[in-house]
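Shown next: entry_17.pdb, given as PDB, C-alpha atoms and all ligand atoms.
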```pdb
ATOM      1  CA  MET K 279      94.725  23.207 194.881
ATOM      2  CA  ARG K 280      98.052  23.016 196.466
ATOM      3  CA  PRO K 281      99.080  24.101 199.921
ATOM      4  CA  VAL K 282     101.022  27.387 200.101
ATOM      5  CA  ASP K 283     102.593  28.307 203.411
ATOM      6  CA  GLY K 284     100.042  26.140 205.107
ATOM      7  CA  LEU K 285      97.109  27.683 203.223
ATOM      8  CA  TYR K 286      95.177  26.500 200.259
ATOM      9  CA  ALA K 287      95.199  29.072 197.475
ATOM     10  CA  PRO K 288      93.403  28.914 194.103
ATOM     11  CA  ALA K 289      95.418  27.839 191.083
ATOM     12  CA  SER K 290      97.232  30.726 189.406
ATOM     13  CA  ARG K 291      99.767  31.430 186.685
ATOM     14  CA  ILE K 292     101.963  32.776 189.474
ATOM     15  CA  THR K 293     102.593  29.856 191.639
ATOM     16  CA  ALA K 294     104.109  29.461 195.017
ATOM     17  CA  GLY K 295     107.147  27.881 193.358
ATOM     18  CA  ARG K 296     108.068  31.176 191.653
ATOM     19  CA  PRO K 297     109.190  34.380 193.378
ATOM     20  CA  ASN K 298     106.383  36.893 193.859
ATOM     21  CA  PRO K 299     107.486  39.705 191.511
ATOM     22  CA  PHE K 300     105.167  42.324 192.979
ATOM     23  CA  GLY K 301     105.514  41.516 196.573
ATOM     24  CA  MET K 302     101.775  41.457 196.967
ATOM     25  CA  PRO K 303      99.282  38.866 198.124
ATOM     26  CA  LEU K 304      98.730  36.292 195.472
ATOM     27  CA  GLY K 305      95.047  37.002 195.107
ATOM     28  CA  GLN K 306      95.672  40.609 194.083
ATOM     29  CA  ILE K 307      98.570  39.638 191.810
ATOM     30  CA  ARG K 308      96.388  37.245 189.879
ATOM     31  CA  ARG K 309      93.758  39.851 189.299
ATOM     32  CA  VAL K 310      96.168  42.596 188.168
ATOM     33  CA  ALA K 311      97.989  40.216 185.881
ATOM     34  CA  SER K 312      94.816  39.025 184.193
ATOM     35  CA  VAL K 313      94.541  39.934 180.496
ATOM     36  CA  GLY K 314      90.937  39.037 179.840
ATOM     37  CA  PRO K 315      87.595  39.544 181.548
ATOM     38  CA  ARG K 316      86.770  37.003 184.134
ATOM     39  CA  ASP K 317      84.006  36.684 186.620
ATOM     40  CA  GLY K 318      84.754  38.926 189.519
ATOM     41  CA  ASP K 319      87.525  40.847 187.673
ATOM     42  CA  ASP K 320      85.748  44.176 187.991
ATOM     43  CA  ASP K 321      88.957  46.077 188.842
ATOM     44  CA  VAL K 322      90.549  45.201 185.491
ATOM     45  CA  ASP K 323      87.495  46.135 183.439
ATOM     46  CA  GLU K 324      87.071  49.321 185.373
ATOM     47  CA  THR K 325      90.669  50.310 184.673
ATOM     48  CA  LYS K 326      90.251  49.696 180.968
ATOM     49  CA  ARG K 327      86.961  51.543 180.932
ATOM     50  CA  ASN K 328      88.559  54.498 182.665
ATOM     51  CA  ILE K 329      91.356  54.598 180.119
ATOM     52  CA  LEU K 330      88.865  54.469 177.272
ATOM     53  CA  LYS K 331      86.847  57.230 178.889
ATOM     54  CA  MET K 332      89.955  59.379 179.191
ATOM     55  CA  VAL K 333      90.800  58.804 175.527
ATOM     56  CA  ALA K 334      87.243  59.643 174.484
ATOM     57  CA  VAL K 335      87.157  62.800 176.605
ATOM     58  CA  ALA K 336      90.533  63.869 175.245
ATOM     59  CA  GLY K 337      89.212  63.362 171.729
ATOM     60  CA  LEU K 338      86.138  65.435 172.433
ATOM     61  CA  VAL K 339      88.233  68.192 173.980
ATOM     62  CA  ALA K 340      90.567  68.169 170.980
ATOM     63  CA  ALA K 341      87.637  68.224 168.561
ATOM     64  CA  GLY K 342      86.052  71.056 170.500
ATOM     65  CA  ALA K 343      89.289  72.989 170.509
ATOM     66  CA  GLY K 344      89.640  72.384 166.783
ATOM     67  CA  GLY K 345      86.113  73.583 166.186
ATOM     68  CA  LEU K 346      86.702  76.704 168.231
ATOM     69  CA  ALA K 347      89.948  77.354 166.393
ATOM     70  CA  GLY K 348      88.194  76.868 163.066
ATOM     71  CA  GLY K 349      85.396  79.190 164.088
ATOM     72  CA  ALA K 350      87.845  81.837 165.225
ATOM     73  CA  LEU K 351      89.752  81.492 161.934
ATOM     74  CA  GLN K 352      86.528  81.930 159.987
ATOM     75  CA  TYR K 353      85.812  85.074 161.957
ATOM     76  CA  ILE K 354      89.288  86.468 161.346
ATOM     77  CA  GLN K 355      89.162  85.531 157.655
ATOM     78  CA  PRO K 356      85.598  86.247 156.459
ATOM     79  CA  PRO K 357      84.472  84.071 153.545
ATOM     80  CA  THR K 358      85.220  85.402 150.091
ATOM     81  CA  VAL K 359      82.190  87.094 148.566
ATOM     82  CA  GLY K 360      81.380  87.222 144.910
ATOM     83  CA  ILE K 361      79.270  85.673 142.192
ATOM     84  CA  SER K 362      79.804  82.628 139.997
ATOM     85  CA  ALA K 363      78.879  84.081 136.591
ATOM     86  CA  TYR K 364      78.099  87.383 134.905
ATOM     87  CA  PRO K 365      74.463  88.285 135.532
ATOM     88  CA  LYS K 366      72.098  90.062 133.159
ATOM     89  CA  VAL K 367      71.403  93.387 134.868
ATOM     90  CA  GLN K 368      68.915  96.024 133.712
ATOM     91  CA  LEU K 369      70.210  99.580 133.830
ATOM     92  CA  ILE K 370      68.052 102.189 135.535
ATOM     93  CA  ASP K 371      68.247 105.913 134.828
ATOM     94  CA  VAL K 372      69.019 108.412 137.590
ATOM     95  CA  ASP K 373      65.287 109.222 137.845
ATOM     96  CA  GLY K 374      64.444 105.582 138.606
ATOM     97  CA  SER K 375      62.932 104.716 135.223
ATOM     98  CA  PRO K 376      64.328 101.994 132.940
ATOM     99  CA  LEU K 377      67.224 103.283 130.882
ATOM    100  CA  THR K 378      66.510 103.082 127.163
ATOM    101  CA  VAL K 379      68.521 103.719 124.052
ATOM    102  CA  ALA K 380      66.231 106.633 123.220
ATOM    103  CA  LYS K 381      66.919 108.280 126.587
ATOM    104  CA  VAL K 382      70.680 107.826 126.306
ATOM    105  CA  GLU K 383      70.749 109.215 122.794
ATOM    106  CA  SER K 384      68.681 112.248 123.766
ATOM    107  CA  GLU K 385      70.342 112.988 127.135
ATOM    108  CA  TYR K 386      73.954 111.899 126.834
ATOM    109  CA  ASN K 387      76.481 112.479 124.073
ATOM    110  CA  VAL K 388      80.203 112.840 123.587
ATOM    111  CA  GLU K 389      80.030 116.504 124.601
ATOM    112  CA  SER K 390      78.441 115.702 127.989
ATOM    113  CA  ASN K 391      80.774 117.126 130.613
ATOM    114  CA  GLN K 392      79.840 114.689 133.379
ATOM    115  CA  ASP K 393      80.700 111.166 134.418
ATOM    116  CA  VAL K 394      77.714 108.852 134.035
ATOM    117  CA  PHE K 395      78.330 105.442 135.567
ATOM    118  CA  PHE K 396      76.769 102.314 137.021
ATOM    119  CA  TYR K 397      78.038  99.403 139.107
ATOM    120  CA  TYR K 398      78.480  96.000 137.469
ATOM    121  CA  PRO K 399      78.848  93.104 138.103
ATOM    122  CA  LEU K 400      79.847  93.808 141.731
ATOM    123  CA  LEU K 401      78.848  96.629 144.050
ATOM    124  CA  ASN K 402      82.401  98.000 144.120
ATOM    125  CA  GLU K 403      82.953  97.998 140.338
ATOM    126  CA  PRO K 404      81.845 101.280 138.692
ATOM    127  CA  ASN K 405      81.661 101.552 134.900
ATOM    128  CA  PHE K 406      81.375 104.540 132.581
ATOM    129  CA  LEU K 407      78.335 104.681 130.319
ATOM    130  CA  LEU K 408      79.202 106.710 127.229
ATOM    131  CA  ASN K 409      77.374 107.741 124.092
ATOM    132  CA  LEU K 410      80.153 108.782 121.706
ATOM    133  CA  TYR K 411      77.838 110.049 118.974
ATOM    134  CA  PRO K 412      77.954 113.882 118.693
ATOM    135  CA  ALA K 413      74.788 115.829 119.393
ATOM    136  CA  SER K 414      75.480 117.918 116.315
ATOM    137  CA  GLY K 415      75.114 114.917 113.992
ATOM    138  CA  SER K 416      77.425 112.517 112.200
ATOM    139  CA  PRO K 417      81.102 112.451 113.258
ATOM    140  CA  ASN K 418      83.453 114.395 110.974
ATOM    141  CA  SER K 419      86.002 112.623 108.808
ATOM    142  CA  GLY K 420      88.712 112.828 111.452
ATOM    143  CA  GLN K 421      86.317 111.680 114.152
ATOM    144  CA  THR K 422      87.536 114.549 116.310
ATOM    145  CA  ASN K 423      84.010 115.395 117.418
ATOM    146  CA  GLY K 424      82.718 111.900 118.179
ATOM    147  CA  ALA K 425      82.546 108.328 116.946
ATOM    148  CA  GLU K 426      80.135 105.685 115.675
ATOM    149  CA  ASN K 427      80.316 101.963 114.926
ATOM    150  CA  VAL K 428      82.437 101.504 118.016
ATOM    151  CA  PRO K 429      83.439  97.929 118.967
ATOM    152  CA  TYR K 430      80.666  96.372 121.091
ATOM    153  CA  GLY K 431      78.668  99.610 120.773
ATOM    154  CA  ILE K 432      74.853  99.515 120.881
ATOM    155  CA  GLY K 433      72.153 101.957 119.797
ATOM    156  CA  THR K 434      71.229 103.581 116.496
ATOM    157  CA  HIS K 435      74.871 104.387 115.715
ATOM    158  CA  SER K 436      76.565 101.620 117.707
ATOM    159  CA  SER K 437      78.036 104.420 119.805
ATOM    160  CA  ILE K 438      76.867 103.522 123.334
ATOM    161  CA  VAL K 439      79.586 101.706 125.282
ATOM    162  CA  ALA K 440      80.602 100.972 128.859
ATOM    163  CA  TYR K 441      84.096 100.699 130.359
ATOM    164  CA  SER K 442      85.410 100.076 133.838
ATOM    165  CA  GLY K 443      85.667 103.207 135.951
ATOM    166  CA  ILE K 444      88.741 101.918 137.797
ATOM    167  CA  CYS K 445      92.127 102.797 136.277
ATOM    168  CA  GLN K 446      94.169  99.759 135.240
ATOM    169  CA  HIS K 447      97.387 101.370 136.498
ATOM    170  CA  LEU K 448      96.975 101.630 140.270
ATOM    171  CA  GLY K 449      93.217 101.588 140.575
ATOM    172  CA  CYS K 450      92.098 105.218 140.875
ATOM    173  CA  PRO K 451      88.295 105.225 140.529
ATOM    174  CA  ILE K 452      85.747 107.711 139.152
ATOM    175  CA  PRO K 453      85.947 110.730 139.327
ATOM    176  CA  ALA K 454      89.772 110.682 139.574
ATOM    177  CA  ILE K 455      89.521 108.816 136.292
ATOM    178  CA  SER K 456      87.067 110.696 134.079
ATOM    179  CA  PHE K 457      85.780 111.045 130.566
ATOM    180  CA  TYR K 458      87.140 114.144 128.786
ATOM    181  CA  PRO K 459      84.903 115.526 125.986
ATOM    182  CA  PRO K 460      86.529 116.849 122.792
ATOM    183  CA  GLY K 461      88.839 119.814 123.450
ATOM    184  CA  THR K 462      88.956 119.458 127.248
ATOM    185  CA  CYS K 463      92.771 119.552 127.293
ATOM    186  CA  PRO K 464      95.279 120.947 124.763
ATOM    187  CA  GLN K 465      96.946 117.538 124.491
ATOM    188  CA  THR K 466      95.626 115.021 121.941
ATOM    189  CA  PRO K 467      97.134 111.641 122.914
ATOM    190  CA  GLY K 468      97.282 109.396 119.862
ATOM    191  CA  GLY K 469      95.576 112.166 117.882
ATOM    192  CA  LYS K 470      92.421 111.742 119.961
ATOM    193  CA  THR K 471      90.474 114.752 121.164
ATOM    194  CA  PHE K 472      88.207 112.819 123.541
ATOM    195  CA  TYR K 473      89.246 109.993 125.853
ATOM    196  CA  ILE K 474      89.184 108.713 129.386
ATOM    197  CA  HIS K 475      91.950 110.263 131.456
ATOM    198  CA  CYS K 476      93.229 109.344 134.902
ATOM    199  CA  SER K 477      94.367 112.369 136.878
ATOM    200  CA  CYS K 478      96.352 110.219 139.329
ATOM    201  CA  HIS K 479      99.317 109.587 137.000
ATOM    202  CA  GLY K 480      98.117 110.667 133.551
ATOM    203  CA  SER K 481      97.054 107.459 131.800
ATOM    204  CA  THR K 482      94.648 107.890 128.877
ATOM    205  CA  TYR K 483      92.371 105.378 127.164
ATOM    206  CA  ASP K 484      90.813 105.412 123.673
ATOM    207  CA  VAL K 485      87.058 105.193 124.198
ATOM    208  CA  ALA K 486      86.441 104.651 120.466
ATOM    209  CA  ASN K 487      88.618 101.515 120.413
ATOM    210  CA  LYS K 488      88.038  99.145 123.331
ATOM    211  CA  ALA K 489      89.573 101.606 125.828
ATOM    212  CA  SER K 490      93.045 100.750 124.519
ATOM    213  CA  ASN K 491      96.013 102.576 126.039
ATOM    214  CA  LEU K 492      96.942 105.943 124.537
ATOM    215  CA  THR K 493      99.433 107.047 127.188
ATOM    216  CA  GLY K 494     100.855 105.325 130.250
ATOM    217  CA  PRO K 495     101.761 104.440 132.810
ATOM    218  CA  ALA K 496      98.810 102.046 132.421
ATOM    219  CA  VAL K 497      99.547  99.301 129.904
ATOM    220  CA  ILE K 498      96.268  97.362 130.132
ATOM    221  CA  PRO K 499      93.015  98.580 128.502
ATOM    222  CA  LEU K 500      90.008  99.281 130.670
ATOM    223  CA  PRO K 501      87.722  96.233 130.907
ATOM    224  CA  GLN K 502      84.678  96.715 128.675
ATOM    225  CA  VAL K 503      81.122  95.806 129.700
ATOM    226  CA  LEU K 504      78.896  94.033 127.198
ATOM    227  CA  LEU K 505      75.570  95.813 126.622
ATOM    228  CA  GLU K 506      72.402  94.697 124.864
ATOM    229  CA  THR K 507      68.806  95.845 124.438
ATOM    230  CA  ASP K 508      65.395  94.217 124.368
ATOM    231  CA  THR K 509      62.676  94.969 121.841
ATOM    232  CA  ALA K 510      61.515  97.972 123.910
ATOM    233  CA  GLY K 511      64.990  99.491 123.846
ATOM    234  CA  ASN K 512      65.753  98.831 127.527
ATOM    235  CA  ILE K 513      69.480  98.456 128.172
ATOM    236  CA  TYR K 514      71.122  95.555 130.000
ATOM    237  CA  ALA K 515      74.670  94.697 131.017
ATOM    238  CA  TYR K 516      75.375  90.992 130.624
ATOM    239  CA  GLY K 517      79.128  90.395 130.785
ATOM    240  CA  MET K 518      82.589  91.655 129.897
ATOM    241  CA  THR K 519      84.173  91.491 126.448
ATOM    242  CA  PRO K 520      86.261  88.358 125.789
ATOM    243  CA  GLY K 521      89.584  90.222 125.857
ATOM    244  CA  SER K 522      88.908  92.145 129.041
ATOM    245  CA  ALA K 523      91.385  91.786 131.892
ATOM    246  CA  PRO K 524      90.039  91.600 135.455
ATOM    247  CA  VAL K 525      89.177  94.952 137.003
ATOM    248  CA  ASN K 526      92.233  96.467 138.677
ATOM    249  CA  GLY K 527      92.523  95.404 142.295
ATOM    250  CA  HIS K 528      90.462  92.252 141.745
ATOM    251  CA  LEU K 529      92.063  88.845 141.164
ATOM    252  CA  ASN K 530      88.804  87.956 139.486
ATOM    253  CA  THR K 531      86.197  90.483 138.312
ATOM    254  CA  LEU K 532      83.505  88.235 139.810
ATOM    255  CA  GLN K 533      85.069  88.052 143.276
ATOM    256  CA  GLY K 534      85.580  90.703 145.921
ATOM    257  CA  ASP K 535      82.131  92.065 146.745
ATOM    258  CA  TYR K 536      78.449  91.233 146.442
ATOM    259  CA  GLY K 537      76.673  91.267 143.089
ATOM    260  CA  VAL K 538      74.616  94.314 142.164
ATOM    261  CA  GLY K 539      71.388  92.316 141.864
ATOM    262  CA  SER K 540      68.976  92.398 138.937
ATOM    263  CA  THR K 541      69.190  96.172 138.329
ATOM    264  CA  SER K 542      71.826  98.891 138.565
ATOM    265  CA  GLN K 543      71.020 102.585 138.677
ATOM    266  CA  LEU K 544      73.044 105.277 136.956
ATOM    267  CA  THR K 545      74.926 107.908 138.922
ATOM    268  CA  LYS K 546      76.148 111.263 137.628
ATOM    269  CA  GLN K 547      79.266 112.892 139.005
ATOM    270  CA  THR K 548      81.311 115.965 138.163
ATOM    271  CA  PRO K 549      84.613 114.863 136.606
ATOM    272  CA  ILE K 550      88.026 115.839 137.973
ATOM    273  CA  ILE K 551      89.743 117.573 135.077
ATOM    274  CA  LEU K 552      93.533 117.673 135.240
ATOM    275  CA  CYS K 553      95.508 117.826 132.036
ATOM    276  CA  ASN K 554      98.613 116.045 133.299
ATOM    277  CA  ILE K 555      98.898 113.978 130.151
ATOM    278  CA  ALA K 556     102.397 112.744 129.305
TER     279      ALA K 556
HETATM  280  S1  LIG O   1      96.142 105.097 138.828
HETATM  281 FE1  LIG O   1      95.525 105.912 136.950
HETATM  282  S2  LIG O   1      97.351 106.531 136.003
HETATM  283 FE2  LIG O   1      97.968 105.693 137.891
END
```
As structure tokens - that is how I would like this structure written.
Ligand code: FES
Amino acid sequence: MRPVDGLYAPASRITAGRPNPFGMPLGQIRRVASVGPRDGDDDVDETKRNILKMVAVAGLVAAGAGGLAGGALQYIQPPTVGISAYPKVQLIDVDGSPLTVAKVESEYNVESNQDVFFYYPLLNEPNFLLNLYPASGSPNSGQTNGAENVPYGIGTHSSIVAYSGICQHLGCPIPAISFYPPGTCPQTPGGKTFYIHCSCHGSTYDVANKASNLTGPAVIPLPQVLLETDTAGNIYAYGMTPGSAPVNGHLNTLQGDYGVGSTSQLTKQTPIILCNIA
């Protein structure tokens, strides 16, 4: 120890020979200027602890704010609903019994003046169920009274098919888009006497050929549902044909609503008939 102004002070990095830069008593200067923990340096450690606490609290507040923001964003933008693959769905008749080929062939035919449809694969995707075979018997040579051996058709005559019930132009659904039995309108687009017609803007689709476009403005065929049967003749939907575009209004036919589940029941509806065919 060396005498400073008549006093003995402990050794320090700031000595009496240098000017006191802080203008404070040497004891306090030494403690503030310390860079490492020392015995009795509680003020320094406390300061550092307080800073660390402030940083930690700020981090927690920021994380909490981020979580709240994320939660609010999730609420504003609900998660996308949908399914990951086409399910196998059993079709149920309007009376609640399993739909069979025998029932379709006895109850529905190309002359049936009603829209028969079911939802698949999502709850907001209706599809026509059609039996294009005429009740009177085999189709005539011009197939103006019905059709058989239709692409992806099932049943005795491969005449039972299913197509999307949402128009591929601007998305008008059943019954604005409806099946027209032979002779419903004087017009015969593409020489066809029966077809699906959309009353919104006049598009027509060839039900005997993959719902291809007969008249516009639609330029994309209706998506076609794949059907199959089991040994008892029960009917199932299990996918869409390989060339099918997504259902109108859906970026992906599997996304945009919940799946229908393991069964889907038929609905019957009176068609809207409007012969505004271009
Ligand atoms: S929505 Fe069907 S023709 Fe326009």
Please, what is the axis-aligned box for every listed atom of ligand LIG 1 (chain O) with 8 Å on each side, as centre and edge lengths in Å to one decimal, as AutoDock Vina command-line options?
```
--center_x 96.7 --center_y 105.8 --center_z 137.4 --size_x 18.4 --size_y 17.4 --size_z 18.8
```
Exercise for the section: With all atoms listed in the file counted, collect every polymer residue having an atom within 6 Å of ligand LIG 1 (chain O); state the result as a list in words. Expected result: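 These are the residues that qualify: Cys445, His447, Leu448, Gly449, Cys450, Cys476, Cys478, His479, Gly480, Ser481, Pro495 and Ala496 of chain K.
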Handout entry: His475 (chain K) surroundings by all atoms listed in the file, 12 Å radius, close-in-sequence under 5 positions cut, as a ChimeraX atom specification
Key = /K:393,443-447,450-459,462-463,465-467,470,480-485,489-496,500,549-556
Practice task
Please evaluate the PyMOL selection byres (((chain K and resi 385) around 12) and not hetatm) against the structure above and give the resulting residues as a ChimeraX atom specification.
Solution key: /K:371-372,377-384,386-392,394,407-413
Problem - Selected residue, from K:Asn512, K:Asn402, K:Thr507, K:Ser540, that lies nearest to Ser442 (chain K) when counting only C-alpha atoms - result: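 So, comparing all the options, the nearest one is K:Asn402.
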Handout entry: Among listed residues K:Gln421, K:Thr434, K:Ser542, K:Thr531, nearest Lys366 (chain K) (using all atoms listed in the file)
Key = K:Ser542
Practice task
Could you list the residues chosen by the PyMOL selection byres (((chain K and resi 368) around 12) and not hetatm) in this structure as number ranges by chain?
Solution key: K: 365-367, 369-371, 374-378, 396-399, 505-508, 511-516, 538-544
Selecting N, CA and C atoms, how would region 415-433 of chain K from this structure be written as a compact mmCIF listing (two decimals), in the first residue's frame?
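Output file result.txt follows:
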```
# COMPACT_ATOMS: atom_id res chain seq x y z
N GLY K 415 -84.49 -51.06 -74.48
CA GLY K 415 -83.64 -52.12 -75.01
C GLY K 415 -82.36 -51.58 -75.61
N SER K 416 -81.76 -52.29 -76.50
CA SER K 416 -80.47 -51.93 -77.07
C SER K 416 -80.52 -50.58 -77.79
N PRO K 417 -79.47 -49.78 -77.69
CA PRO K 417 -79.43 -48.50 -78.43
C PRO K 417 -79.55 -48.73 -79.93
N ASN K 418 -80.21 -47.79 -80.63
CA ASN K 418 -80.32 -47.90 -82.08
C ASN K 418 -78.97 -47.61 -82.75
N SER K 419 -78.92 -47.77 -84.03
CA SER K 419 -77.64 -47.66 -84.74
C SER K 419 -77.02 -46.27 -84.61
N GLY K 420 -77.85 -45.26 -84.53
CA GLY K 420 -77.32 -43.90 -84.40
C GLY K 420 -77.07 -43.50 -82.96
N GLN K 421 -77.38 -44.42 -82.06
CA GLN K 421 -77.25 -44.14 -80.62
C GLN K 421 -77.91 -42.81 -80.25
N THR K 422 -79.11 -42.59 -80.84
CA THR K 422 -79.85 -41.38 -80.50
C THR K 422 -80.81 -41.62 -79.33
N ASN K 423 -80.92 -42.87 -78.92
CA ASN K 423 -81.83 -43.18 -77.81
C ASN K 423 -81.09 -43.72 -76.58
N GLY K 424 -79.76 -43.70 -76.63
CA GLY K 424 -78.99 -44.21 -75.50
C GLY K 424 -77.63 -44.72 -75.95
N ALA K 425 -76.87 -45.24 -75.01
CA ALA K 425 -75.51 -45.70 -75.35
C ALA K 425 -75.12 -46.87 -74.46
N GLU K 426 -74.16 -47.65 -74.93
CA GLU K 426 -73.58 -48.75 -74.16
C GLU K 426 -72.07 -48.78 -74.42
N ASN K 427 -71.38 -49.61 -73.67
CA ASN K 427 -69.91 -49.68 -73.80
C ASN K 427 -69.27 -48.29 -73.75
N VAL K 428 -69.69 -47.54 -72.78
CA VAL K 428 -69.20 -46.18 -72.59
C VAL K 428 -67.86 -46.24 -71.84
N PRO K 429 -66.90 -45.38 -72.19
CA PRO K 429 -65.62 -45.38 -71.47
C PRO K 429 -65.81 -45.31 -69.96
N TYR K 430 -65.16 -46.23 -69.26
CA TYR K 430 -65.21 -46.35 -67.79
C TYR K 430 -66.61 -46.67 -67.28
N GLY K 431 -67.49 -47.15 -68.17
CA GLY K 431 -68.83 -47.53 -67.75
C GLY K 431 -68.83 -48.87 -67.03
N ILE K 432 -69.76 -49.06 -66.09
CA ILE K 432 -69.89 -50.34 -65.38
C ILE K 432 -71.31 -50.86 -65.61
N GLY K 433 -71.57 -52.07 -65.14
CA GLY K 433 -72.89 -52.67 -65.28
C GLY K 433 -72.95 -53.62 -66.46
```
